[in-house]
$ cat my_file11.json   # JSON, C-alpha atoms and all ligand atoms
[["chain", "number", "residue", "atom", "x", "y", "z"],
["A", 978, "MET", "CA", -27.49, 15.83, -18.55],
["A", 979, "ASN", "CA", -24.28, 14.67, -20.21],
["A", 980, "THR", "CA", -21.72, 13.90, -17.49],
["A", 981, "ASP", "CA", -19.25, 12.01, -19.73],
["A", 982, "ASN", "CA", -16.50, 14.59, -19.17],
["A", 983, "VAL", "CA", -16.67, 14.57, -15.37],
["A", 984, "GLN", "CA", -13.40, 13.39, -13.83],
["A", 985, "ILE", "CA", -12.96, 12.20, -10.27],
["A", 986, "PHE", "CA", -9.56, 12.33, -8.58],
["A", 987, "LYS", "CA", -9.17, 9.55, -6.00],
["A", 988, "THR", "CA", -6.39, 8.99, -3.51],
["A", 989, "ALA", "CA", -5.92, 8.01, 0.14],
["A", 990, "ARG", "CA", -8.07, 10.11, 2.49],
["A", 991, "ARG", "CA", -4.91, 11.49, 4.11],
["A", 992, "LEU", "CA", -1.41, 11.44, 2.61],
["A", 993, "LEU", "CA", 1.80, 12.03, 4.61],
["A", 994, "THR", "CA", 5.07, 12.39, 2.69],
["A", 995, "GLY", "CA", 8.64, 13.30, 3.55],
["A", 996, "GLU", "CA", 11.56, 12.19, 5.68],
["A", 997, "ASN", "CA", 10.60, 10.77, 9.09],
["A", 998, "SER", "CA", 6.87, 10.71, 8.33],
["A", 999, "SER", "CA", 6.89, 7.05, 9.46],
["A", 1000, "TYR", "CA", 7.37, 8.32, 13.03],
["A", 1001, "LEU", "CA", 3.89, 9.88, 12.90],
["A", 1002, "LEU", "CA", 2.17, 6.49, 12.73],
["A", 1003, "PRO", "CA", 1.11, 6.55, 16.44],
["A", 1004, "GLU", "CA", -0.73, 9.88, 15.96],
["A", 1005, "GLU", "CA", -2.42, 8.64, 12.78],
["A", 1006, "MET", "CA", -3.51, 5.43, 14.51],
["A", 1007, "ALA", "CA", -4.86, 7.38, 17.49],
["A", 1008, "SER", "CA", -6.94, 9.59, 15.19],
["A", 1009, "LEU", "CA", -8.54, 6.42, 13.80],
["A", 1010, "ASN", "CA", -8.91, 4.93, 17.30],
["A", 1011, "VAL", "CA", -6.67, 1.93, 16.47],
["A", 1012, "LYS", "CA", -5.34, 0.29, 19.66],
["A", 1013, "ARG", "CA", -4.71, -3.32, 18.55],
["A", 1014, "PRO", "CA", -3.10, -3.06, 15.11],
["A", 1015, "LEU", "CA", -2.30, -5.95, 12.79],
["A", 1016, "ILE", "CA", 0.89, -5.12, 10.90],
["A", 1017, "VAL", "CA", 0.87, -6.83, 7.49],
["A", 1018, "THR", "CA", 4.35, -7.19, 6.03],
["A", 1019, "ASP", "CA", 6.61, -9.81, 4.45],
["A", 1020, "LYS", "CA", 9.71, -11.69, 5.51],
["A", 1021, "GLY", "CA", 12.08, -9.61, 3.35],
["A", 1022, "VAL", "CA", 10.86, -6.34, 4.86],
["A", 1023, "LYS", "CA", 10.96, -7.78, 8.39],
["A", 1024, "ASP", "CA", 14.50, -9.16, 7.88],
["A", 1025, "ALA", "CA", 15.62, -5.76, 6.53],
["A", 1026, "GLY", "CA", 14.98, -4.35, 10.03],
["A", 1027, "ILE", "CA", 12.14, -2.01, 9.03],
["A", 1028, "ILE", "CA", 9.45, -3.32, 11.38],
["A", 1029, "GLN", "CA", 11.27, -3.21, 14.73],
["A", 1030, "PRO", "CA", 11.76, 0.60, 14.85],
["A", 1031, "VAL", "CA", 8.07, 1.03, 13.99],
["A", 1032, "ILE", "CA", 7.12, -1.29, 16.87],
["A", 1033, "ASP", "CA", 9.52, 0.48, 19.26],
["A", 1034, "ASN", "CA", 7.95, 3.82, 18.35],
["A", 1035, "LEU", "CA", 4.42, 2.45, 18.85],
["A", 1036, "LYS", "CA", 5.38, 0.97, 22.24],
["A", 1037, "SER", "CA", 6.98, 4.19, 23.40],
["A", 1038, "ASN", "CA", 3.68, 5.88, 22.52],
["A", 1039, "GLY", "CA", 1.69, 3.44, 24.67],
["A", 1040, "VAL", "CA", 0.54, 0.92, 22.03],
["A", 1041, "GLU", "CA", 1.16, -2.45, 23.71],
["A", 1042, "ASN", "CA", -0.92, -4.94, 21.73],
["A", 1043, "ILE", "CA", 0.74, -5.21, 18.33],
["A", 1044, "PHE", "CA", 0.27, -8.24, 16.07],
["A", 1045, "ILE", "CA", 2.28, -9.11, 12.96],
["A", 1046, "TYR", "CA", 1.43, -11.20, 9.90],
["A", 1047, "SER", "CA", 4.46, -11.68, 7.61],
["A", 1048, "ASP", "CA", 3.77, -14.89, 5.69],
["A", 1049, "ILE", "CA", 3.23, -13.13, 2.36],
["A", 1050, "SER", "CA", 4.41, -14.20, -1.08],
["A", 1051, "ALA", "CA", 5.51, -11.95, -3.96],
["A", 1052, "GLU", "CA", 2.19, -12.47, -5.75],
["A", 1053, "PRO", "CA", -0.32, -12.35, -2.87],
["A", 1054, "GLU", "CA", -2.62, -15.35, -3.02],
["A", 1055, "THR", "CA", -6.26, -15.56, -1.96],
["A", 1056, "HIS", "CA", -5.59, -18.15, 0.76],
["A", 1057, "ILE", "CA", -2.97, -15.80, 2.30],
["A", 1058, "VAL", "CA", -5.65, -13.12, 2.65],
["A", 1059, "GLU", "CA", -7.90, -15.66, 4.38],
["A", 1060, "ALA", "CA", -5.10, -16.71, 6.76],
["A", 1061, "CYS", "CA", -4.26, -13.08, 7.51],
["A", 1062, "CYS", "CA", -7.94, -12.38, 8.27],
["A", 1063, "GLY", "CA", -7.79, -15.32, 10.70],
["A", 1064, "THR", "CA", -4.91, -13.65, 12.59],
["A", 1065, "PHE", "CA", -6.81, -10.34, 12.59],
["A", 1066, "GLU", "CA", -9.96, -11.90, 14.05],
["A", 1067, "GLU", "CA", -8.27, -14.28, 16.55],
["A", 1068, "ASN", "CA", -6.42, -11.35, 18.12],
["A", 1069, "GLN", "CA", -9.41, -9.01, 18.04],
["A", 1070, "CYS", "CA", -7.40, -6.47, 16.10],
["A", 1071, "ASP", "CA", -9.03, -3.13, 15.33],
["A", 1072, "GLY", "CA", -6.96, -1.80, 12.42],
["A", 1073, "VAL", "CA", -4.71, -2.94, 9.57],
["A", 1074, "ILE", "CA", -1.29, -1.36, 8.96],
["A", 1075, "ALA", "CA", 0.52, -2.40, 5.77],
["A", 1076, "ILE", "CA", 4.30, -1.98, 5.83],
["A", 1077, "GLY", "CA", 5.80, -3.30, 2.62],
["A", 1078, "GLY", "CA", 5.72, -3.23, -1.14],
["A", 1079, "GLY", "CA", 2.68, -3.78, -3.34],
["A", 1080, "SER", "CA", 2.38, -7.40, -2.21],
["A", 1081, "ALA", "CA", 1.96, -6.55, 1.50],
["A", 1082, "MET", "CA", -0.23, -3.52, 0.77],
["A", 1083, "ASP", "CA", -2.57, -5.43, -1.58],
["A", 1084, "THR", "CA", -2.92, -8.19, 1.02],
["A", 1085, "ALA", "CA", -3.63, -5.67, 3.81],
["A", 1086, "LYS", "CA", -6.19, -3.82, 1.68],
["A", 1087, "ALA", "CA", -8.03, -7.09, 0.99],
["A", 1088, "VAL", "CA", -7.94, -8.02, 4.71],
["A", 1089, "ALA", "CA", -9.46, -4.65, 5.66],
["A", 1090, "ILE", "CA", -12.50, -5.23, 3.43],
["A", 1091, "TYR", "CA", -12.76, -9.03, 3.78],
["A", 1092, "SER", "CA", -12.54, -9.48, 7.55],
["A", 1093, "GLY", "CA", -16.04, -10.14, 8.87],
["A", 1094, "GLU", "CA", -17.38, -10.69, 5.33],
["A", 1095, "THR", "CA", -19.70, -13.71, 4.94],
["A", 1096, "ARG", "CA", -19.23, -14.09, 1.17],
["A", 1097, "SER", "CA", -16.20, -15.85, -0.33],
["A", 1098, "LEU", "CA", -13.26, -13.75, -1.49],
["A", 1099, "ASN", "CA", -13.96, -14.87, -5.07],
["A", 1100, "GLU", "CA", -17.32, -13.10, -4.96],
["A", 1101, "LEU", "CA", -15.56, -9.76, -4.33],
["A", 1102, "PHE", "CA", -13.45, -9.77, -7.51],
["A", 1103, "GLY", "CA", -14.55, -7.18, -10.06],
["A", 1104, "GLU", "CA", -15.86, -3.66, -9.58],
["A", 1105, "ASP", "CA", -17.82, -2.38, -6.59],
["A", 1106, "LYS", "CA", -18.73, -5.72, -4.99],
["A", 1107, "VAL", "CA", -17.51, -4.57, -1.57],
["A", 1108, "VAL", "CA", -19.64, -3.32, 1.34],
["A", 1109, "PRO", "CA", -18.52, -0.17, 3.27],
["A", 1110, "ARG", "CA", -15.26, -0.81, 5.10],
["A", 1111, "LYS", "CA", -15.41, -0.58, 8.89],
["A", 1112, "ILE", "CA", -11.77, -1.49, 9.62],
["A", 1113, "PRO", "CA", -9.24, 1.39, 9.59],
["A", 1114, "LEU", "CA", -6.47, 0.95, 7.01],
["A", 1115, "ILE", "CA", -3.04, 2.63, 6.91],
["A", 1116, "CYS", "CA", -0.50, 1.89, 4.14],
["A", 1117, "MET", "CA", 3.24, 2.54, 4.43],
["A", 1118, "PRO", "CA", 5.11, 1.61, 1.22],
["A", 1119, "THR", "CA", 8.67, 0.29, 1.45],
["A", 1120, "THR", "CA", 9.21, 0.27, -2.34],
["A", 1121, "ALA", "CA", 8.74, 3.28, -4.62],
["A", 1122, "GLY", "CA", 6.78, 1.78, -7.44],
["A", 1123, "THR", "CA", 3.30, 0.34, -7.24],
["A", 1124, "GLY", "CA", 1.43, 3.30, -5.78],
["A", 1125, "SER", "CA", -0.91, 0.76, -4.13],
["A", 1126, "GLU", "CA", -1.06, 3.08, -1.07],
["A", 1127, "VAL", "CA", -3.22, 5.49, -3.13],
["A", 1128, "THR", "CA", -5.18, 3.16, -5.45],
["A", 1129, "ASN", "CA", -8.61, 1.56, -5.15],
["A", 1130, "ILE", "CA", -7.52, -1.92, -6.24],
["A", 1131, "SER", "CA", -6.08, -5.04, -4.64],
["A", 1132, "ILE", "CA", -4.50, -7.52, -7.06],
["A", 1133, "LEU", "CA", -4.49, -11.13, -5.88],
["A", 1134, "LEU", "CA", -3.47, -14.43, -7.43],
["A", 1135, "ASP", "CA", -6.28, -16.96, -7.72],
["A", 1136, "VAL", "CA", -4.18, -20.10, -7.28],
["A", 1137, "GLN", "CA", -6.81, -22.49, -8.65],
["A", 1138, "ALA", "CA", -7.45, -20.45, -11.80],
["A", 1139, "GLN", "CA", -3.76, -19.37, -11.98],
["A", 1140, "ILE", "CA", -4.67, -15.79, -12.88],
["A", 1141, "LYS", "CA", -4.28, -12.45, -11.14],
["A", 1142, "LYS", "CA", -7.61, -10.82, -10.36],
["A", 1143, "GLY", "CA", -8.53, -7.42, -8.98],
["A", 1144, "ILE", "CA", -10.93, -6.30, -6.29],
["A", 1145, "VAL", "CA", -11.82, -2.75, -7.32],
["A", 1146, "SER", "CA", -13.65, -0.47, -4.93],
["A", 1147, "ASN", "CA", -13.21, 2.95, -3.35],
["A", 1148, "GLU", "CA", -13.46, 1.10, -0.02],
["A", 1149, "LEU", "CA", -9.87, -0.02, -0.71],
["A", 1150, "LEU", "CA", -8.53, 3.55, -0.62],
["A", 1151, "PRO", "CA", -6.60, 3.71, 2.66],
["A", 1152, "ASP", "CA", -7.59, 6.11, 5.43],
["A", 1153, "VAL", "CA", -3.95, 7.15, 5.63],
["A", 1154, "ALA", "CA", -0.93, 6.63, 3.34],
["A", 1155, "ILE", "CA", 2.49, 7.37, 4.84],
["A", 1156, "VAL", "CA", 5.14, 7.65, 2.10],
["A", 1157, "ALA", "CA", 8.34, 7.76, 4.14],
["A", 1158, "PRO", "CA", 11.67, 7.58, 2.26],
["A", 1159, "GLU", "CA", 13.44, 6.07, 5.29],
["A", 1160, "LEU", "CA", 11.42, 2.86, 4.74],
["A", 1161, "THR", "CA", 12.91, 2.38, 1.25],
["A", 1162, "LEU", "CA", 16.62, 2.75, 2.09],
["A", 1163, "SER", "CA", 17.15, -1.00, 2.45],
["A", 1164, "CYS", "CA", 15.50, -1.89, -0.90],
["A", 1165, "PRO", "CA", 17.80, -4.27, -2.80],
["A", 1166, "GLU", "CA", 19.14, -2.96, -6.14],
["A", 1167, "PHE", "CA", 16.87, -5.10, -8.31],
["A", 1168, "VAL", "CA", 13.76, -4.09, -6.34],
["A", 1169, "THR", "CA", 14.74, -0.39, -6.58],
["A", 1170, "ALA", "CA", 15.19, -0.75, -10.35],
["A", 1171, "ALA", "CA", 12.08, -2.86, -11.01],
["A", 1172, "SER", "CA", 9.75, -0.81, -8.82],
["A", 1173, "GLY", "CA", 11.19, 2.45, -10.22],
["A", 1174, "VAL", "CA", 10.44, 1.31, -13.76],
["A", 1175, "ASP", "CA", 6.97, 0.23, -12.59],
["A", 1176, "ALA", "CA", 6.41, 3.82, -11.36],
["A", 1177, "LEU", "CA", 7.72, 5.26, -14.65],
["A", 1178, "VAL", "CA", 5.34, 3.08, -16.65],
["A", 1179, "HIS", "CA", 2.43, 4.14, -14.41],
["A", 1180, "ALA", "CA", 3.34, 7.79, -15.00],
["A", 1181, "VAL", "CA", 3.49, 7.41, -18.80],
["A", 1182, "GLU", "CA", 0.32, 5.29, -18.91],
["A", 1183, "SER", "CA", -1.62, 7.72, -16.76],
["A", 1184, "TYR", "CA", -0.58, 10.64, -19.02],
["A", 1185, "LEU", "CA", -1.81, 8.77, -22.10],
["A", 1186, "SER", "CA", -4.97, 7.38, -20.44],
["A", 1187, "ASN", "CA", -8.42, 8.24, -21.82],
["A", 1188, "PHE", "CA", -9.32, 9.14, -18.24],
["A", 1189, "ALA", "CA", -6.42, 11.61, -17.80],
["A", 1190, "SER", "CA", -7.41, 15.02, -16.46],
["A", 1191, "GLU", "CA", -5.45, 18.27, -16.11],
["A", 1192, "ILE", "CA", -4.73, 17.30, -12.48],
["A", 1193, "THR", "CA", -3.45, 13.81, -13.28],
["A", 1194, "LYS", "CA", -1.48, 14.99, -16.34],
["A", 1195, "SER", "CA", 0.46, 17.53, -14.29],
["A", 1196, "LEU", "CA", 1.19, 14.82, -11.69],
["A", 1197, "SER", "CA", 2.26, 12.38, -14.45],
["A", 1198, "ILE", "CA", 4.72, 14.89, -15.93],
["A", 1199, "ALA", "CA", 6.12, 15.74, -12.49],
["A", 1200, "ALA", "CA", 6.50, 12.02, -11.72],
["A", 1201, "ILE", "CA", 8.32, 11.30, -15.01],
["A", 1202, "ARG", "CA", 10.76, 14.16, -14.31],
["A", 1203, "MET", "CA", 11.38, 13.03, -10.73],
["A", 1204, "ILE", "CA", 11.89, 9.36, -11.63],
["A", 1205, "VAL", "CA", 14.30, 10.18, -14.48],
["A", 1206, "ASP", "CA", 16.31, 12.40, -12.10],
["A", 1207, "ALA", "CA", 16.17, 10.32, -8.94],
["A", 1208, "LEU", "CA", 16.01, 6.66, -9.94],
["A", 1209, "PRO", "CA", 19.61, 6.32, -11.23],
["A", 1210, "ILE", "CA", 20.86, 8.00, -8.04],
["A", 1211, "ALA", "CA", 18.69, 5.85, -5.75],
["A", 1212, "TYR", "CA", 19.99, 2.77, -7.58],
["A", 1213, "GLN", "CA", 23.67, 3.77, -7.28],
["A", 1214, "GLU", "CA", 23.45, 5.30, -3.80],
["A", 1215, "PRO", "CA", 20.79, 3.27, -1.95],
["A", 1216, "THR", "CA", 21.00, 5.38, 1.23],
["A", 1217, "ASN", "CA", 20.67, 8.75, -0.56],
["A", 1218, "ILE", "CA", 17.53, 9.87, 1.26],
["A", 1219, "ALA", "CA", 16.86, 12.84, -1.07],
["A", 1220, "ALA", "CA", 16.84, 10.55, -4.13],
["A", 1221, "ARG", "CA", 14.70, 7.97, -2.30],
["A", 1222, "GLU", "CA", 12.26, 10.72, -1.29],
["A", 1223, "LYS", "CA", 11.91, 12.10, -4.85],
["A", 1224, "ASN", "CA", 11.47, 8.59, -6.17],
["A", 1225, "GLY", "CA", 8.83, 7.86, -3.54],
["A", 1226, "TYR", "CA", 6.62, 10.80, -4.59],
["A", 1227, "SER", "CA", 6.32, 9.23, -8.01],
["A", 1301, "LIG", "N1", -2.75, -2.23, -6.00],
["A", 1301, "LIG", "C1", -2.08, -1.59, -6.93],
["A", 1301, "LIG", "O1", -2.45, -0.44, -7.29],
["A", 1301, "LIG", "C2", -0.87, -2.22, -7.56],
["A", 1301, "LIG", "C3", -0.21, -1.58, -8.62],
["A", 1301, "LIG", "C4", 0.91, -2.21, -9.17],
["A", 1301, "LIG", "C5", 1.37, -3.43, -8.67],
["A", 1301, "LIG", "N2", 0.68, -4.04, -7.63],
["A", 1301, "LIG", "C6", 1.13, -5.33, -7.05],
["A", 1301, "LIG", "O2", 2.31, -5.06, -6.31],
["A", 1301, "LIG", "C7", 3.08, -6.26, -6.22],
["A", 1301, "LIG", "C8", 4.54, -5.93, -6.44],
["A", 1301, "LIG", "O3", 4.92, -4.99, -5.44],
["A", 1301, "LIG", "P1", 6.42, -4.42, -5.31],
["A", 1301, "LIG", "O4", 6.99, -4.21, -6.65],
["A", 1301, "LIG", "O5", 6.34, -3.26, -4.39],
["A", 1301, "LIG", "O6", 7.23, -5.63, -4.69],
["A", 1301, "LIG", "P2", 6.93, -6.64, -3.49],
["A", 1301, "LIG", "O7", 6.02, -6.05, -2.49],
["A", 1301, "LIG", "O8", 6.51, -7.95, -4.11],
["A", 1301, "LIG", "O9", 8.39, -6.80, -2.85],
["A", 1301, "LIG", "C9", 9.46, -7.35, -3.63],
["A", 1301, "LIG", "C10", 10.57, -7.83, -2.73],
["A", 1301, "LIG", "O10", 11.23, -6.71, -2.16],
["A", 1301, "LIG", "C11", 11.35, -6.86, -0.76],
["A", 1301, "LIG", "N3", 11.31, -5.51, -0.16],
["A", 1301, "LIG", "C12", 10.34, -4.58, -0.29],
["A", 1301, "LIG", "N4", 10.69, -3.44, 0.33],
["A", 1301, "LIG", "C13", 11.92, -3.64, 0.87],
["A", 1301, "LIG", "C14", 12.80, -2.84, 1.63],
["A", 1301, "LIG", "N5", 12.53, -1.54, 1.92],
["A", 1301, "LIG", "N6", 13.95, -3.39, 2.05],
["A", 1301, "LIG", "C15", 14.28, -4.68, 1.73],
["A", 1301, "LIG", "N7", 13.48, -5.49, 0.99],
["A", 1301, "LIG", "C16", 12.31, -4.97, 0.57],
["A", 1301, "LIG", "C17", 10.21, -7.74, -0.35],
["A", 1301, "LIG", "O11", 10.51, -8.44, 0.83],
["A", 1301, "LIG", "C18", 10.11, -8.68, -1.56],
["A", 1301, "LIG", "O12", 10.99, -9.76, -1.41],
["A", 1301, "LIG", "C19", 2.50, -7.25, -7.25],
["A", 1301, "LIG", "O13", 1.80, -8.24, -6.56],
["A", 1301, "LIG", "C20", 1.56, -6.37, -8.08],
["A", 1301, "LIG", "O14", 0.44, -7.12, -8.54],
["A", 1301, "LIG", "C21", -0.39, -3.43, -7.06]]
$ encode --input "my_file11.json" --output "structure tokens" --more "lines below"
Ligand SMILES: NC(=O)c1ccc[n+]([C@@H]2O[C@H](COP(=O)([O-])OP(=O)(O)OC[C@H]3O[C@@H](n4cnc5c(N)ncnc54)[C@H](O)[C@@H]3O)[C@@H](O)[C@H]2O)c1
Amino acid sequence: MNTDNVQIFKTARRLLTGENSSYLLPEEMASLNVKRPLIVTDKGVKDAGIIQPVIDNLKSNGVENIFIYSDISAEPETHIVEACCGTFEENQCDGVIAIGGGSAMDTAKAVAIYSGETRSLNELFGEDKVVPRKIPLICMPTTAGTGSEVTNISILLDVQAQIKKGIVSNELLPDVAIVAPELTLSCPEFVTAASGVDALVHAVESYLSNFASEITKSLSIAAIRMIVDALPIAYQEPTNIAAREKNGYS
């Protein structure tokens, strides 16, 4: 049987979009039975005041034991993933919540599949080297660009080899992605511009890809239209939530 033309559409198992969707995190965590979350973020996102309202909302919904790891660099490094796993295990966390751009999300995705793993992280680079993930994973992007919240890859910098490598596995697809425009309002101009162009390039590339299907092509065209419309507005009016929302769908 020739199955060469079969296409498989992959995304997060559950995808929430739209204004104020970040406030539904407690419900999403409860449905995955997460009671001791590790929030993976970075200093810039924390300093922008994005994390505190999320914590306040979790606390007002009865989640008391919340742990934060924010020591993440722009190009996430393998030793950062190991350190973050240490925080996860020491605090007996039971779920990983990424709140940040691609750097925080790629780190969190790696932590969710690496925690409890006996092999070295280096042995997981490449395709399908990962065992089934047991740790719940929720991704909440704060930039509108990488799409890491819906991809099956984590890109990390191998410091010794000085190259970026990917762990590719469907186990990296989050259980839940929450694409909430309110989390992107504080994005600095250059991050808005750079991540917006990143999204535009993804949309063009995916349209031209040999693996494009009718489903992905229609999404690529819609994304190109939305980015061209919304990105200049989001850049000029950073708190324009409608522009941020349109940009975030891309
Ligand atoms: N896994 C994937 O599918 C995939 C795809 C493309 C890129 N990537 C990876 O994504 C990373 C880049 O991610 P990125 O472009 O989202 O940037 P980033 O996560 O590196 O963040 C860039 C800067 O913006 C700041 N920032 C982010 N959101 C903010 C907000 N709302 N308010 C204020 N500051 C904010 C951060 O603190 C940081 O200083 C790279 O490591 C790249 O390899 C992953």
$ closest_residue --input "my_file11.json" --among "A:Ala1220, A:Val1011, A:Ile1155, A:Ala1200" --to "Met1082 (chain A)" --atoms "only C-alpha atoms"
A:Ile1155
$ residues_around --input "my_file11.json" --residues "Ile985 (chain A)" --least-positions-apart "3" --cutoff "12 Å" --atoms "all atoms listed in the file" --output "list in words"
Thr980, Asp981, Asn982, Thr988, Asn1147, Phe1188, Ala1189, Ser1190, Glu1191, Ile1192 and Thr1193 of chain A
$ write_last_selection --input "my_file11.json" --atoms "C-alpha atoms" --output "compact mmCIF listing (two decimals), in the frame of the given file"
# COMPACT_ATOMS: atom_id res chain seq x y z
CA THR A 980 -21.72 13.90 -17.49
CA ASP A 981 -19.25 12.01 -19.73
CA ASN A 982 -16.50 14.59 -19.17
CA THR A 988 -6.39 8.99 -3.51
CA ASN A 1147 -13.21 2.95 -3.35
CA PHE A 1188 -9.32 9.14 -18.24
CA ALA A 1189 -6.42 11.61 -17.80
CA SER A 1190 -7.41 15.02 -16.46
CA GLU A 1191 -5.45 18.27 -16.11
CA ILE A 1192 -4.73 17.30 -12.48
CA THR A 1193 -3.45 13.81 -13.28
$ atom_distance --input "my_file11.json" --atom1 "CA of Ser1125 (chain A)" --atom2 "atom C6 of ligand LIG 1301 (chain A)"
7.1 Å
$ atom_distance --input "my_file11.json" --atom1 "CA of Pro1215 (chain A)" --atom2 "CA of Asp1048 (chain A)"
26.0 Å
$ atom_distance --input "my_file11.json" --atom1 "CA of Asn1034 (chain A)" --atom2 "CA of Pro1014 (chain A)"
13.4 Å
$ residues_near_point --input "my_file11.json" --point "(2.0, 12.8, -0.1)" --cutoff "6 Å" --atoms "all atoms listed in the file" --output "PyMOL selection string"
chain A and resi 992-994
$ residues_near_point --input "my_file11.json" --point "(-7.1, 3.0, 2.3)" --cutoff "9 Å" --atoms "only C-alpha atoms" --output "JSON, numbers by chain"
{"A": [988, 989, 990, 991, 1086, 1089, 1113, 1114, 1115, 1116, 1126, 1127, 1128, 1129, 1147, 1148, 1149, 1150, 1151, 1152, 1153, 1154]}
$ build_atoms --input "my_file11.json" --residues "region 1027-1041 of chain A" --atoms "N, CA and C atoms" --output "PDB file, in the coordinates of the input"
ATOM      1  N   ILE A1027      13.032  -3.175   9.155  1.00  0.00           N
ATOM      2  CA  ILE A1027      12.140  -2.010   9.030  1.00  0.00           C
ATOM      3  C   ILE A1027      11.027  -2.030  10.093  1.00  0.00           C
ATOM      4  N   ILE A1028      10.631  -3.221  10.505  1.00  0.00           N
ATOM      5  CA  ILE A1028       9.450  -3.320  11.380  1.00  0.00           C
ATOM      6  C   ILE A1028       9.775  -2.965  12.831  1.00  0.00           C
ATOM      7  N   GLN A1029      10.959  -3.404  13.307  1.00  0.00           N
ATOM      8  CA  GLN A1029      11.270  -3.210  14.730  1.00  0.00           C
ATOM      9  C   GLN A1029      11.229  -1.741  15.174  1.00  0.00           C
ATOM     10  N   PRO A1030      11.851  -0.805  14.413  1.00  0.00           N
ATOM     11  CA  PRO A1030      11.760   0.600  14.850  1.00  0.00           C
ATOM     12  C   PRO A1030      10.324   1.120  14.899  1.00  0.00           C
ATOM     13  N   VAL A1031       9.482   0.611  13.991  1.00  0.00           N
ATOM     14  CA  VAL A1031       8.070   1.030  13.990  1.00  0.00           C
ATOM     15  C   VAL A1031       7.400   0.534  15.279  1.00  0.00           C
ATOM     16  N   ILE A1032       7.700  -0.719  15.642  1.00  0.00           N
ATOM     17  CA  ILE A1032       7.120  -1.290  16.870  1.00  0.00           C
ATOM     18  C   ILE A1032       7.630  -0.540  18.091  1.00  0.00           C
ATOM     19  N   ASP A1033       8.938  -0.251  18.115  1.00  0.00           N
ATOM     20  CA  ASP A1033       9.520   0.480  19.260  1.00  0.00           C
ATOM     21  C   ASP A1033       8.831   1.828  19.421  1.00  0.00           C
ATOM     22  N   ASN A1034       8.597   2.506  18.308  1.00  0.00           N
ATOM     23  CA  ASN A1034       7.950   3.820  18.350  1.00  0.00           C
ATOM     24  C   ASN A1034       6.512   3.694  18.861  1.00  0.00           C
ATOM     25  N   LEU A1035       5.799   2.644  18.395  1.00  0.00           N
ATOM     26  CA  LEU A1035       4.420   2.450  18.850  1.00  0.00           C
ATOM     27  C   LEU A1035       4.402   2.182  20.358  1.00  0.00           C
ATOM     28  N   LYS A1036       5.341   1.318  20.809  1.00  0.00           N
ATOM     29  CA  LYS A1036       5.380   0.970  22.240  1.00  0.00           C
ATOM     30  C   LYS A1036       5.700   2.194  23.079  1.00  0.00           C
ATOM     31  N   SER A1037       6.637   3.010  22.598  1.00  0.00           N
ATOM     32  CA  SER A1037       6.980   4.190  23.400  1.00  0.00           C
ATOM     33  C   SER A1037       5.846   5.217  23.392  1.00  0.00           C
ATOM     34  N   ASN A1038       4.867   5.019  22.517  1.00  0.00           N
ATOM     35  CA  ASN A1038       3.680   5.880  22.520  1.00  0.00           C
ATOM     36  C   ASN A1038       2.471   5.166  23.133  1.00  0.00           C
ATOM     37  N   GLY A1039       2.748   4.079  23.877  1.00  0.00           N
ATOM     38  CA  GLY A1039       1.690   3.440  24.670  1.00  0.00           C
ATOM     39  C   GLY A1039       0.876   2.388  23.941  1.00  0.00           C
ATOM     40  N   VAL A1040       1.279   1.998  22.727  1.00  0.00           N
ATOM     41  CA  VAL A1040       0.540   0.920  22.030  1.00  0.00           C
ATOM     42  C   VAL A1040       1.216  -0.404  22.394  1.00  0.00           C
ATOM     43  N   GLU A1041       0.536  -1.233  23.182  1.00  0.00           N
ATOM     44  CA  GLU A1041       1.160  -2.450  23.710  1.00  0.00           C
ATOM     45  C   GLU A1041       0.795  -3.691  22.900  1.00  0.00           C
TER      46      GLU A1041
END
